[in-house]
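> Sharing structure.cif here; it has mmCIF, N, CA and C atoms.
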```cif
data_data
loop_
_atom_site.label_atom_id
_atom_site.label_comp_id
_atom_site.auth_asym_id
_atom_site.auth_seq_id
_atom_site.Cartn_x
_atom_site.Cartn_y
_atom_site.Cartn_z
N MET A 1 -6.27 -19.06 -5.62
CA MET A 1 -6.96 -18.97 -4.35
C MET A 1 -5.93 -19.12 -3.22
N PRO A 2 -5.96 -18.23 -2.21
CA PRO A 2 -5.00 -18.27 -1.11
C PRO A 2 -5.10 -19.57 -0.32
N THR A 3 -3.94 -20.07 0.09
CA THR A 3 -3.93 -21.32 0.84
C THR A 3 -3.26 -21.20 2.19
N ASP A 4 -2.58 -20.11 2.47
CA ASP A 4 -1.95 -19.98 3.78
C ASP A 4 -2.84 -19.15 4.71
N ASN A 5 -2.36 -18.85 5.88
CA ASN A 5 -3.17 -18.15 6.88
C ASN A 5 -2.99 -16.64 6.87
N ARG A 6 -2.33 -16.11 5.84
CA ARG A 6 -2.13 -14.66 5.78
C ARG A 6 -3.45 -13.94 5.53
N VAL A 7 -3.53 -12.74 6.03
CA VAL A 7 -4.70 -11.88 5.82
C VAL A 7 -4.72 -11.47 4.34
N ASN A 8 -5.89 -11.46 3.75
CA ASN A 8 -6.06 -11.08 2.35
C ASN A 8 -6.75 -9.73 2.27
N VAL A 9 -6.03 -8.74 1.75
CA VAL A 9 -6.54 -7.39 1.59
C VAL A 9 -6.85 -7.19 0.11
N LEU A 10 -8.05 -6.71 -0.18
CA LEU A 10 -8.50 -6.49 -1.55
C LEU A 10 -8.84 -5.02 -1.74
N VAL A 11 -8.20 -4.39 -2.72
CA VAL A 11 -8.50 -3.00 -3.05
C VAL A 11 -9.40 -2.98 -4.28
N CYS A 12 -10.50 -2.25 -4.18
CA CYS A 12 -11.40 -2.08 -5.32
C CYS A 12 -11.00 -0.80 -6.04
N ALA A 13 -10.34 -0.97 -7.17
CA ALA A 13 -9.90 0.19 -7.96
C ALA A 13 -11.11 0.77 -8.66
N THR A 14 -11.30 2.04 -8.49
CA THR A 14 -12.47 2.73 -9.03
C THR A 14 -12.22 3.17 -10.46
N GLY A 15 -13.19 3.84 -11.02
CA GLY A 15 -13.06 4.38 -12.35
C GLY A 15 -12.41 5.75 -12.38
N GLN A 16 -11.65 6.07 -11.35
CA GLN A 16 -11.01 7.38 -11.27
C GLN A 16 -9.52 7.20 -11.04
N ARG A 17 -8.78 8.24 -11.35
CA ARG A 17 -7.33 8.19 -11.15
C ARG A 17 -6.97 8.12 -9.67
N THR A 18 -7.92 8.39 -8.79
CA THR A 18 -7.64 8.30 -7.36
C THR A 18 -7.42 6.86 -6.91
N CYS A 19 -7.64 5.91 -7.81
CA CYS A 19 -7.45 4.51 -7.40
C CYS A 19 -6.00 4.23 -7.03
N GLU A 20 -5.06 5.00 -7.56
CA GLU A 20 -3.66 4.82 -7.17
C GLU A 20 -3.50 5.09 -5.68
N ARG A 21 -4.20 6.08 -5.18
CA ARG A 21 -4.17 6.38 -3.75
C ARG A 21 -4.78 5.23 -2.95
N LEU A 22 -5.86 4.66 -3.45
CA LEU A 22 -6.48 3.51 -2.78
C LEU A 22 -5.52 2.32 -2.74
N ILE A 23 -4.81 2.11 -3.83
CA ILE A 23 -3.86 1.00 -3.89
C ILE A 23 -2.74 1.20 -2.87
N ARG A 24 -2.24 2.42 -2.76
CA ARG A 24 -1.19 2.70 -1.76
C ARG A 24 -1.73 2.51 -0.34
N GLU A 25 -2.96 2.93 -0.08
CA GLU A 25 -3.56 2.73 1.24
C GLU A 25 -3.72 1.24 1.53
N GLY A 26 -4.16 0.49 0.52
CA GLY A 26 -4.29 -0.96 0.68
C GLY A 26 -2.96 -1.61 0.99
N ALA A 27 -1.89 -1.12 0.37
CA ALA A 27 -0.56 -1.66 0.63
C ALA A 27 -0.13 -1.38 2.07
N LEU A 28 -0.46 -0.21 2.58
CA LEU A 28 -0.14 0.12 3.98
C LEU A 28 -0.90 -0.81 4.93
N ILE A 29 -2.17 -1.03 4.64
CA ILE A 29 -2.99 -1.92 5.47
C ILE A 29 -2.45 -3.34 5.43
N ALA A 30 -2.15 -3.82 4.22
CA ALA A 30 -1.59 -5.18 4.08
C ALA A 30 -0.27 -5.29 4.84
N GLY A 31 0.53 -4.26 4.80
CA GLY A 31 1.79 -4.26 5.53
C GLY A 31 1.57 -4.32 7.03
N GLU A 32 0.63 -3.52 7.53
CA GLU A 32 0.32 -3.51 8.96
C GLU A 32 -0.19 -4.87 9.42
N LEU A 33 -0.97 -5.52 8.57
CA LEU A 33 -1.57 -6.81 8.93
C LEU A 33 -0.72 -8.01 8.50
N GLU A 34 0.44 -7.71 7.90
CA GLU A 34 1.32 -8.75 7.36
C GLU A 34 0.54 -9.66 6.41
N GLY A 35 -0.21 -9.00 5.53
CA GLY A 35 -1.09 -9.74 4.62
C GLY A 35 -0.68 -9.66 3.17
N ARG A 36 -1.50 -10.27 2.37
CA ARG A 36 -1.33 -10.32 0.92
C ARG A 36 -2.27 -9.28 0.31
N LEU A 37 -1.81 -8.58 -0.73
CA LEU A 37 -2.59 -7.52 -1.35
C LEU A 37 -3.00 -7.91 -2.77
N SER A 38 -4.28 -7.72 -3.06
CA SER A 38 -4.81 -7.89 -4.42
C SER A 38 -5.59 -6.64 -4.78
N VAL A 39 -5.58 -6.32 -6.06
CA VAL A 39 -6.32 -5.18 -6.56
C VAL A 39 -7.26 -5.69 -7.65
N VAL A 40 -8.49 -5.21 -7.63
CA VAL A 40 -9.46 -5.60 -8.65
C VAL A 40 -10.17 -4.35 -9.17
N HIS A 41 -10.41 -4.36 -10.48
CA HIS A 41 -11.25 -3.33 -11.09
C HIS A 41 -12.31 -4.07 -11.88
N VAL A 42 -13.57 -3.82 -11.57
CA VAL A 42 -14.67 -4.44 -12.29
C VAL A 42 -15.31 -3.37 -13.17
N ALA A 43 -15.17 -3.56 -14.46
CA ALA A 43 -15.75 -2.62 -15.43
C ALA A 43 -17.06 -3.17 -15.94
N PRO A 44 -18.09 -2.35 -15.97
CA PRO A 44 -19.36 -2.81 -16.54
C PRO A 44 -19.18 -3.20 -18.00
N LYS A 45 -19.89 -4.22 -18.43
CA LYS A 45 -19.82 -4.63 -19.84
C LYS A 45 -20.16 -3.44 -20.72
N GLY A 46 -19.36 -3.25 -21.74
CA GLY A 46 -19.59 -2.16 -22.68
C GLY A 46 -18.98 -0.84 -22.26
N ALA A 47 -18.49 -0.73 -21.03
CA ALA A 47 -17.89 0.52 -20.56
C ALA A 47 -16.37 0.43 -20.70
N ALA A 48 -15.74 1.57 -20.82
CA ALA A 48 -14.29 1.63 -20.93
C ALA A 48 -13.65 1.39 -19.56
N ILE A 49 -12.47 0.80 -19.56
CA ILE A 49 -11.71 0.59 -18.33
C ILE A 49 -11.34 1.96 -17.75
N LEU A 50 -11.62 2.17 -16.47
CA LEU A 50 -11.38 3.44 -15.79
C LEU A 50 -12.07 4.61 -16.49
N GLY A 51 -13.09 4.32 -17.29
CA GLY A 51 -13.78 5.38 -18.00
C GLY A 51 -12.92 6.00 -19.09
N ASN A 52 -11.84 5.30 -19.49
CA ASN A 52 -10.89 5.81 -20.46
C ASN A 52 -11.07 5.08 -21.78
N ASP A 53 -11.31 5.82 -22.86
CA ASP A 53 -11.49 5.20 -24.16
C ASP A 53 -10.22 4.52 -24.65
N ARG A 54 -9.08 4.94 -24.14
CA ARG A 54 -7.81 4.31 -24.51
C ARG A 54 -7.50 3.25 -23.44
N GLU A 55 -8.14 2.11 -23.58
CA GLU A 55 -8.08 1.07 -22.56
C GLU A 55 -6.67 0.56 -22.31
N GLY A 56 -5.85 0.53 -23.35
CA GLY A 56 -4.47 0.07 -23.17
C GLY A 56 -3.75 0.92 -22.14
N GLU A 57 -3.92 2.23 -22.22
CA GLU A 57 -3.29 3.14 -21.26
C GLU A 57 -3.86 2.94 -19.87
N ALA A 58 -5.18 2.78 -19.79
CA ALA A 58 -5.82 2.60 -18.48
C ALA A 58 -5.35 1.30 -17.83
N LEU A 59 -5.27 0.23 -18.61
CA LEU A 59 -4.80 -1.04 -18.06
C LEU A 59 -3.35 -0.94 -17.62
N GLU A 60 -2.54 -0.30 -18.42
CA GLU A 60 -1.12 -0.12 -18.07
C GLU A 60 -1.00 0.64 -16.75
N TYR A 61 -1.80 1.69 -16.61
CA TYR A 61 -1.81 2.48 -15.38
C TYR A 61 -2.15 1.62 -14.17
N LEU A 62 -3.23 0.82 -14.28
CA LEU A 62 -3.65 -0.03 -13.17
C LEU A 62 -2.58 -1.06 -12.81
N PHE A 63 -2.06 -1.74 -13.82
CA PHE A 63 -1.06 -2.77 -13.55
C PHE A 63 0.22 -2.18 -12.99
N ARG A 64 0.62 -0.99 -13.46
CA ARG A 64 1.81 -0.33 -12.93
C ARG A 64 1.61 0.03 -11.46
N ALA A 65 0.44 0.60 -11.14
CA ALA A 65 0.16 0.99 -9.76
C ALA A 65 0.16 -0.22 -8.83
N ALA A 66 -0.40 -1.34 -9.29
CA ALA A 66 -0.42 -2.56 -8.48
C ALA A 66 0.98 -3.14 -8.35
N ASP A 67 1.72 -3.13 -9.44
CA ASP A 67 3.07 -3.69 -9.44
C ASP A 67 3.99 -2.93 -8.49
N GLU A 68 3.80 -1.61 -8.39
CA GLU A 68 4.64 -0.78 -7.52
C GLU A 68 4.53 -1.18 -6.06
N VAL A 69 3.43 -1.82 -5.67
CA VAL A 69 3.25 -2.25 -4.28
C VAL A 69 3.19 -3.77 -4.17
N ASP A 70 3.66 -4.44 -5.22
CA ASP A 70 3.75 -5.90 -5.25
C ASP A 70 2.40 -6.57 -5.03
N ALA A 71 1.38 -6.04 -5.69
CA ALA A 71 0.02 -6.59 -5.57
C ALA A 71 -0.38 -7.34 -6.83
N ASP A 72 -1.23 -8.34 -6.67
CA ASP A 72 -1.85 -8.98 -7.82
C ASP A 72 -2.90 -8.01 -8.37
N MET A 73 -3.06 -8.00 -9.68
CA MET A 73 -4.03 -7.11 -10.31
C MET A 73 -4.96 -7.92 -11.19
N THR A 74 -6.27 -7.72 -11.03
CA THR A 74 -7.26 -8.40 -11.84
C THR A 74 -8.24 -7.37 -12.38
N VAL A 75 -8.55 -7.46 -13.66
CA VAL A 75 -9.57 -6.61 -14.28
C VAL A 75 -10.66 -7.54 -14.80
N LEU A 76 -11.89 -7.26 -14.40
CA LEU A 76 -13.02 -8.09 -14.79
C LEU A 76 -14.07 -7.24 -15.50
N ARG A 77 -14.83 -7.87 -16.39
CA ARG A 77 -15.99 -7.23 -17.02
C ARG A 77 -17.22 -7.95 -16.50
N ALA A 78 -18.26 -7.19 -16.22
CA ALA A 78 -19.45 -7.82 -15.65
C ALA A 78 -20.69 -7.02 -15.96
N GLY A 79 -21.81 -7.74 -16.00
CA GLY A 79 -23.10 -7.08 -16.13
C GLY A 79 -23.52 -6.45 -14.81
N ASP A 80 -23.17 -7.11 -13.70
CA ASP A 80 -23.50 -6.61 -12.37
C ASP A 80 -22.20 -6.48 -11.58
N VAL A 81 -21.74 -5.27 -11.43
CA VAL A 81 -20.44 -5.00 -10.80
C VAL A 81 -20.43 -5.50 -9.35
N MET A 82 -21.46 -5.22 -8.60
CA MET A 82 -21.47 -5.61 -7.18
C MET A 82 -21.44 -7.13 -7.02
N ASP A 83 -22.29 -7.85 -7.75
CA ASP A 83 -22.30 -9.31 -7.65
C ASP A 83 -20.94 -9.90 -8.02
N THR A 84 -20.34 -9.36 -9.05
CA THR A 84 -19.03 -9.85 -9.49
C THR A 84 -17.96 -9.57 -8.45
N LEU A 85 -18.01 -8.38 -7.87
CA LEU A 85 -17.03 -8.03 -6.83
C LEU A 85 -17.19 -8.92 -5.60
N VAL A 86 -18.42 -9.16 -5.19
CA VAL A 86 -18.67 -10.01 -4.02
C VAL A 86 -18.16 -11.43 -4.30
N ALA A 87 -18.44 -11.96 -5.47
CA ALA A 87 -17.96 -13.31 -5.82
C ALA A 87 -16.44 -13.35 -5.84
N PHE A 88 -15.81 -12.31 -6.37
CA PHE A 88 -14.34 -12.27 -6.42
C PHE A 88 -13.76 -12.19 -5.00
N ALA A 89 -14.37 -11.38 -4.15
CA ALA A 89 -13.90 -11.26 -2.76
C ALA A 89 -14.00 -12.60 -2.04
N ARG A 90 -15.07 -13.32 -2.29
CA ARG A 90 -15.21 -14.65 -1.68
C ARG A 90 -14.18 -15.62 -2.22
N GLU A 91 -13.97 -15.58 -3.53
CA GLU A 91 -12.98 -16.46 -4.16
C GLU A 91 -11.58 -16.20 -3.60
N ARG A 92 -11.26 -14.92 -3.40
CA ARG A 92 -9.95 -14.55 -2.88
C ARG A 92 -9.88 -14.63 -1.36
N GLN A 93 -10.99 -15.00 -0.74
CA GLN A 93 -11.07 -15.10 0.72
C GLN A 93 -10.62 -13.79 1.38
N ALA A 94 -11.17 -12.69 0.89
CA ALA A 94 -10.81 -11.37 1.40
C ALA A 94 -11.20 -11.23 2.86
N ASP A 95 -10.26 -10.73 3.65
CA ASP A 95 -10.51 -10.42 5.05
C ASP A 95 -10.80 -8.93 5.23
N CYS A 96 -10.24 -8.12 4.33
CA CYS A 96 -10.39 -6.67 4.38
C CYS A 96 -10.51 -6.16 2.96
N ILE A 97 -11.49 -5.28 2.73
CA ILE A 97 -11.69 -4.68 1.42
C ILE A 97 -11.56 -3.17 1.57
N VAL A 98 -10.79 -2.56 0.67
CA VAL A 98 -10.58 -1.12 0.67
C VAL A 98 -11.32 -0.53 -0.52
N VAL A 99 -12.19 0.43 -0.23
CA VAL A 99 -12.96 1.10 -1.29
C VAL A 99 -12.84 2.61 -1.12
N GLY A 100 -13.06 3.32 -2.20
CA GLY A 100 -13.09 4.77 -2.16
C GLY A 100 -14.45 5.27 -1.74
N THR A 101 -14.46 6.38 -1.04
CA THR A 101 -15.70 7.02 -0.60
C THR A 101 -15.79 8.39 -1.26
N ALA A 102 -16.90 8.66 -1.89
CA ALA A 102 -17.11 9.94 -2.55
C ALA A 102 -17.72 10.94 -1.57
N PRO A 103 -17.51 12.22 -1.83
CA PRO A 103 -18.15 13.22 -0.98
C PRO A 103 -19.67 13.18 -1.14
N GLY A 104 -20.38 13.62 -0.15
CA GLY A 104 -21.84 13.65 -0.22
C GLY A 104 -22.46 12.64 0.73
N LYS A 105 -23.76 12.77 0.91
CA LYS A 105 -24.43 11.95 1.92
C LYS A 105 -24.53 10.48 1.54
N ASN A 106 -24.48 10.13 0.25
CA ASN A 106 -24.53 8.73 -0.18
C ASN A 106 -23.16 8.20 -0.58
N GLY A 107 -22.11 8.91 -0.21
CA GLY A 107 -20.76 8.55 -0.62
C GLY A 107 -20.29 7.20 -0.13
N ASP A 108 -20.83 6.73 0.98
CA ASP A 108 -20.40 5.47 1.56
C ASP A 108 -21.37 4.32 1.24
N ALA A 109 -22.32 4.54 0.34
CA ALA A 109 -23.34 3.54 0.04
C ALA A 109 -22.74 2.24 -0.50
N PHE A 110 -21.73 2.35 -1.35
CA PHE A 110 -21.09 1.17 -1.93
C PHE A 110 -20.46 0.32 -0.82
N ALA A 111 -19.74 0.97 0.07
CA ALA A 111 -19.10 0.25 1.18
C ALA A 111 -20.15 -0.37 2.10
N GLN A 112 -21.22 0.35 2.36
CA GLN A 112 -22.28 -0.19 3.22
C GLN A 112 -22.91 -1.44 2.60
N ARG A 113 -23.11 -1.40 1.31
CA ARG A 113 -23.68 -2.57 0.63
C ARG A 113 -22.74 -3.76 0.71
N LEU A 114 -21.44 -3.51 0.55
CA LEU A 114 -20.45 -4.59 0.68
C LEU A 114 -20.48 -5.18 2.09
N ARG A 115 -20.62 -4.33 3.09
CA ARG A 115 -20.67 -4.82 4.47
C ARG A 115 -21.86 -5.76 4.69
N VAL A 116 -22.98 -5.45 4.06
CA VAL A 116 -24.17 -6.29 4.19
C VAL A 116 -23.97 -7.61 3.45
N LEU A 117 -23.41 -7.54 2.25
CA LEU A 117 -23.25 -8.73 1.41
C LEU A 117 -22.09 -9.63 1.84
N LEU A 118 -21.13 -9.05 2.56
CA LEU A 118 -19.96 -9.82 3.00
C LEU A 118 -19.77 -9.69 4.50
N PRO A 119 -20.71 -10.22 5.28
CA PRO A 119 -20.56 -10.12 6.73
C PRO A 119 -19.28 -10.83 7.17
N GLY A 120 -18.62 -10.25 8.13
CA GLY A 120 -17.37 -10.82 8.61
C GLY A 120 -16.15 -10.31 7.88
N VAL A 121 -16.35 -9.57 6.77
CA VAL A 121 -15.24 -8.97 6.05
C VAL A 121 -15.18 -7.50 6.43
N GLU A 122 -14.01 -7.06 6.83
CA GLU A 122 -13.83 -5.64 7.18
C GLU A 122 -13.80 -4.84 5.90
N VAL A 123 -14.63 -3.80 5.82
CA VAL A 123 -14.64 -2.90 4.66
C VAL A 123 -14.19 -1.53 5.14
N ARG A 124 -13.06 -1.08 4.58
CA ARG A 124 -12.52 0.22 4.95
C ARG A 124 -12.77 1.22 3.82
N SER A 125 -13.40 2.32 4.18
CA SER A 125 -13.67 3.39 3.22
C SER A 125 -12.57 4.43 3.31
N ILE A 126 -11.99 4.75 2.18
CA ILE A 126 -10.96 5.78 2.09
C ILE A 126 -11.55 6.93 1.30
N TYR A 127 -11.49 8.11 1.86
CA TYR A 127 -12.04 9.27 1.18
C TYR A 127 -11.22 9.56 -0.08
N ALA A 128 -11.86 9.51 -1.22
CA ALA A 128 -11.20 9.76 -2.50
C ALA A 128 -11.28 11.25 -2.81
N GLN A 129 -10.17 11.90 -2.74
CA GLN A 129 -10.13 13.36 -2.96
C GLN A 129 -10.07 13.67 -4.42
#
```
Can you present the structure in this file as C-alpha coordinates?


Amino acid sequence: MPTDNRVNVLVCATGQRTCERLIREGALIAGELEGRLSVVHVAPKGAAILGNDREGEALEYLFRAADEVDADMTVLRAGDVMDTLVAFARERQADCIVVGTAPGKNGDAFAQRLRVLLPGVEVRSIYAQ
(Lines of atoms letter the chains of each structure in order from A and count residues from 1; the text may use other names and numbers.)
(Lines give C-alpha, C1' and ligand atoms only; values in the text may rest on other atoms or scores of the structure.)
Protein backbone atom coordinates (compact mmCIF):
# COMPACT_ATOMS: atom_id res chain seq x y z
CA MET A 1 0.00 0.00 0.00
CA PRO A 2 1.44 3.43 -0.97
CA THR A 3 2.66 5.56 1.90
CA ASP A 4 4.07 8.69 0.29
CA ASN A 5 2.25 11.58 -1.37
CA ARG A 6 2.94 10.54 -4.96
CA VAL A 7 0.04 10.22 -7.37
CA ASN A 8 -0.99 6.60 -7.97
CA VAL A 9 -1.86 5.71 -11.55
CA LEU A 10 -3.53 2.35 -12.17
CA VAL A 11 -3.81 0.79 -15.62
CA CYS A 12 -6.52 -1.83 -16.13
CA ALA A 13 -5.02 -4.32 -18.57
CA THR A 14 -7.76 -5.74 -20.74
CA GLY A 15 -8.16 -9.14 -22.29
CA GLN A 16 -6.68 -7.88 -25.53
CA ARG A 17 -3.18 -7.34 -26.84
CA THR A 18 -3.96 -3.61 -26.92
CA CYS A 19 -3.26 -3.56 -23.19
CA GLU A 20 0.40 -2.88 -24.00
CA ARG A 21 -0.72 0.42 -25.50
CA LEU A 22 -2.73 1.16 -22.35
CA ILE A 23 0.32 0.43 -20.21
CA ARG A 24 2.46 2.83 -22.26
CA GLU A 25 -0.24 5.52 -21.99
CA GLY A 26 -0.40 4.95 -18.23
CA ALA A 27 3.38 5.36 -18.04
CA LEU A 28 3.14 8.70 -19.87
CA ILE A 29 0.43 9.88 -17.47
CA ALA A 30 2.41 8.73 -14.42
CA GLY A 31 5.44 10.56 -15.80
CA GLU A 32 3.48 13.77 -16.35
CA LEU A 33 2.06 13.58 -12.83
CA GLU A 34 5.35 12.41 -11.29
CA GLY A 35 3.45 9.42 -9.98
CA ARG A 36 3.74 5.73 -9.35
CA LEU A 37 2.40 3.27 -11.94
CA SER A 38 0.64 -0.03 -11.27
CA VAL A 39 -0.95 -2.40 -13.75
CA VAL A 40 -3.73 -4.84 -12.90
CA HIS A 41 -5.50 -7.52 -14.89
CA VAL A 42 -8.57 -9.09 -13.33
CA ALA A 43 -9.49 -12.38 -14.98
CA PRO A 44 -12.89 -13.90 -14.29
CA LYS A 45 -12.69 -17.20 -12.42
CA GLY A 46 -12.46 -20.04 -14.89
CA ALA A 47 -11.40 -17.79 -17.78
CA ALA A 48 -7.96 -17.75 -19.36
CA ILE A 49 -5.60 -14.83 -18.69
CA LEU A 50 -5.96 -12.33 -21.57
CA GLY A 51 -8.32 -14.86 -23.16
CA ASN A 52 -5.23 -16.96 -23.97
CA ASP A 53 -5.29 -20.69 -23.26
CA ARG A 54 -1.52 -20.58 -22.88
CA GLU A 55 -1.58 -18.61 -19.64
CA GLY A 56 2.17 -18.77 -19.14
CA GLU A 57 2.70 -16.79 -22.34
CA ALA A 58 -0.05 -14.33 -21.47
CA LEU A 59 1.38 -13.71 -18.01
CA GLU A 60 4.88 -13.30 -19.41
CA TYR A 61 3.53 -10.76 -21.91
CA LEU A 62 1.79 -8.74 -19.19
CA PHE A 63 4.74 -8.75 -16.81
CA ARG A 64 7.17 -7.84 -19.62
CA ALA A 65 4.98 -4.92 -20.72
CA ALA A 66 4.73 -3.65 -17.13
CA ASP A 67 8.44 -4.16 -16.48
CA GLU A 68 9.36 -2.13 -19.58
CA VAL A 69 7.79 0.96 -17.95
CA ASP A 70 8.90 0.12 -14.39
CA ALA A 71 5.35 -0.62 -13.20
CA ASP A 72 4.10 -3.03 -10.58
CA MET A 73 2.01 -5.80 -12.13
CA THR A 74 -0.81 -7.69 -10.41
CA VAL A 75 -3.03 -10.42 -11.86
CA LEU A 76 -6.16 -11.31 -9.92
CA ARG A 77 -8.92 -13.89 -10.37
CA ALA A 78 -12.41 -12.93 -9.32
CA GLY A 79 -16.04 -13.86 -9.56
CA ASP A 80 -16.95 -10.18 -9.98
CA VAL A 81 -14.36 -8.29 -12.00
CA MET A 82 -15.72 -4.81 -11.27
CA ASP A 83 -15.99 -5.31 -7.49
CA THR A 84 -12.47 -6.73 -7.39
CA LEU A 85 -11.07 -3.89 -9.47
CA VAL A 86 -12.76 -1.25 -7.29
CA ALA A 87 -11.41 -2.89 -4.12
CA PHE A 88 -7.91 -3.07 -5.64
CA ALA A 89 -8.05 0.59 -6.71
CA ARG A 90 -9.02 1.58 -3.17
CA GLU A 91 -6.28 -0.59 -1.67
CA ARG A 92 -3.71 1.01 -3.99
CA GLN A 93 -5.18 4.46 -3.30
CA ALA A 94 -5.50 5.09 -7.03
CA ASP A 95 -5.78 8.74 -8.03
CA CYS A 96 -6.08 8.01 -11.76
CA ILE A 97 -7.27 4.87 -13.55
CA VAL A 98 -6.55 4.20 -17.22
CA VAL A 99 -8.96 1.92 -19.09
CA GLY A 100 -9.47 0.97 -22.70
CA THR A 101 -12.53 2.15 -24.59
CA ALA A 102 -14.07 -0.01 -27.28
CA PRO A 103 -15.72 1.37 -30.40
CA GLY A 104 -19.50 1.67 -30.32
CA LYS A 105 -22.08 3.52 -28.30
CA ASN A 106 -21.49 1.49 -25.09
CA GLY A 107 -17.71 1.50 -25.42
CA ASP A 108 -17.21 3.77 -22.42
CA ALA A 109 -19.66 1.95 -20.11
CA PHE A 110 -16.89 0.31 -18.05
CA ALA A 111 -15.18 3.66 -17.43
CA GLN A 112 -18.50 5.31 -16.57
CA ARG A 113 -19.25 2.62 -14.01
CA LEU A 114 -15.80 3.09 -12.44
CA ARG A 115 -16.45 6.83 -12.20
CA VAL A 116 -19.66 6.17 -10.27
CA LEU A 117 -18.10 3.57 -7.97
CA LEU A 118 -14.90 5.55 -7.34
CA PRO A 119 -15.91 9.19 -6.97
CA GLY A 120 -12.90 11.46 -6.71
CA VAL A 121 -10.75 9.13 -8.83
CA GLU A 122 -9.94 10.35 -12.33
CA VAL A 123 -10.79 7.71 -14.92
CA ARG A 124 -9.16 8.18 -18.30
CA SER A 125 -10.51 6.27 -21.28
CA ILE A 126 -8.02 5.42 -24.01
CA TYR A 127 -9.44 4.32 -27.32
CA ALA A 128 -8.24 0.75 -27.91
CA GLN A 129 -7.61 0.35 -31.61

> Can you list, as a PyMOL selection string, every residue of range 6-115 of chain A that DSSP puts in helix (DSSP H, G or I)?

chain A and resi 19-33+49-51+55-68+81-91+109-115

> Hey, can you check how far atom C of Glu60 in chain A sits from CA of Gly79 in chain A?

23.4 Å

> Quick one: residues within 9 Å of Lys45 in chain A, only C-alpha atoms counted, chain neighbours fewer than 3 positions away excluded, as JSON, numbers by chain?

{"A": [48, 77, 78, 79, 80]}

> Can you pull out every residue from chain A that DSSP, working from the backbone, puts in strand (DSSP E), and format the result as JSON, numbers by chain?

{"A": [8, 9, 10, 11, 12, 36, 37, 38, 39, 40, 41, 42, 43, 44, 72, 73, 74, 75, 76, 77, 78, 96, 97, 98, 99, 100, 101, 122, 123, 124, 125, 126, 127]}

> Please compute the CA of Asp95 in chain A-atom C of Ile126 in chain A distance, one decimal, in Å.

17.8 Å

> Using Å and a single decimal, report how far CA of Val86 in chain A sits from CA of Gly56 in chain A.

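We find that CA of Gly56 in chain A and CA of Val86 in chain A lie 25.9 Å from each other.
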
> Which is closest to Val75 in chain A among A:Thr101, A:Cys96, A:Val42, A:Ala89, if we use only N, CA and C atoms?

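That would be A:Val42, the residue with the smallest distance to Val75 in chain A.
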
> Just so the selection is clear, what residues does the PyMOL selection byres ((chain A and resi 100) around 7) cover here, as a list in words?

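Expected selection for the PyMOL selection byres ((chain A and resi 100) around 7) here is Cys12, Thr14, Leu22, Val98, Val99, Thr101, Ala102, Gly107, Asp108, Arg124, Ser125, Ile126, Tyr127 and Ala128 of chain A.
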
> Let me make sure I understand: among A:Leu114, A:Val121, A:Ile23, A:Val7, which one has the smallest atom-to-atom distance to Ala66 in chain A if we use only N, CA and C atoms?

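Among the listed residues, A:Ile23 lies closest to Ala66 in chain A.
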
> Name the closest residue to Tyr61 in chain A among the candidates A:Ile29, A:Ala43, A:Ala13, A:Met82; distances are taken between atoms, counting only C-alpha atoms.

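Of all the options, A:Ala13 lies closest to Tyr61 in chain A.
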
> Which is closest to Val40 in chain A among A:Val11, A:Arg64, A:Ala109, A:Ala71, if we use all atoms listed in the file?

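Looking only at the distances to Val40 in chain A, the closest residue turns out to be A:Val11.
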
> Where does the PyMOL selection byres (((chain A and resi 69 and name CA) around 12) and name CA) land in this file, that is, which residues does it pick, as a PyMOL selection string?

chain A and resi 11+20-31+36-39+62-68+70-73

> Give me the box for range 56-65 of chain A as AutoDock Vina command-line options, namely the centre and edge lengths in Å to one decimal of a box along x, y and z that holds every listed atom plus 6 Å on each side.


```
--center_x -2.0 --center_y 0.2 --center_z -16.1 --size_x 19.7 --size_y 17.9 --size_z 26.5
```
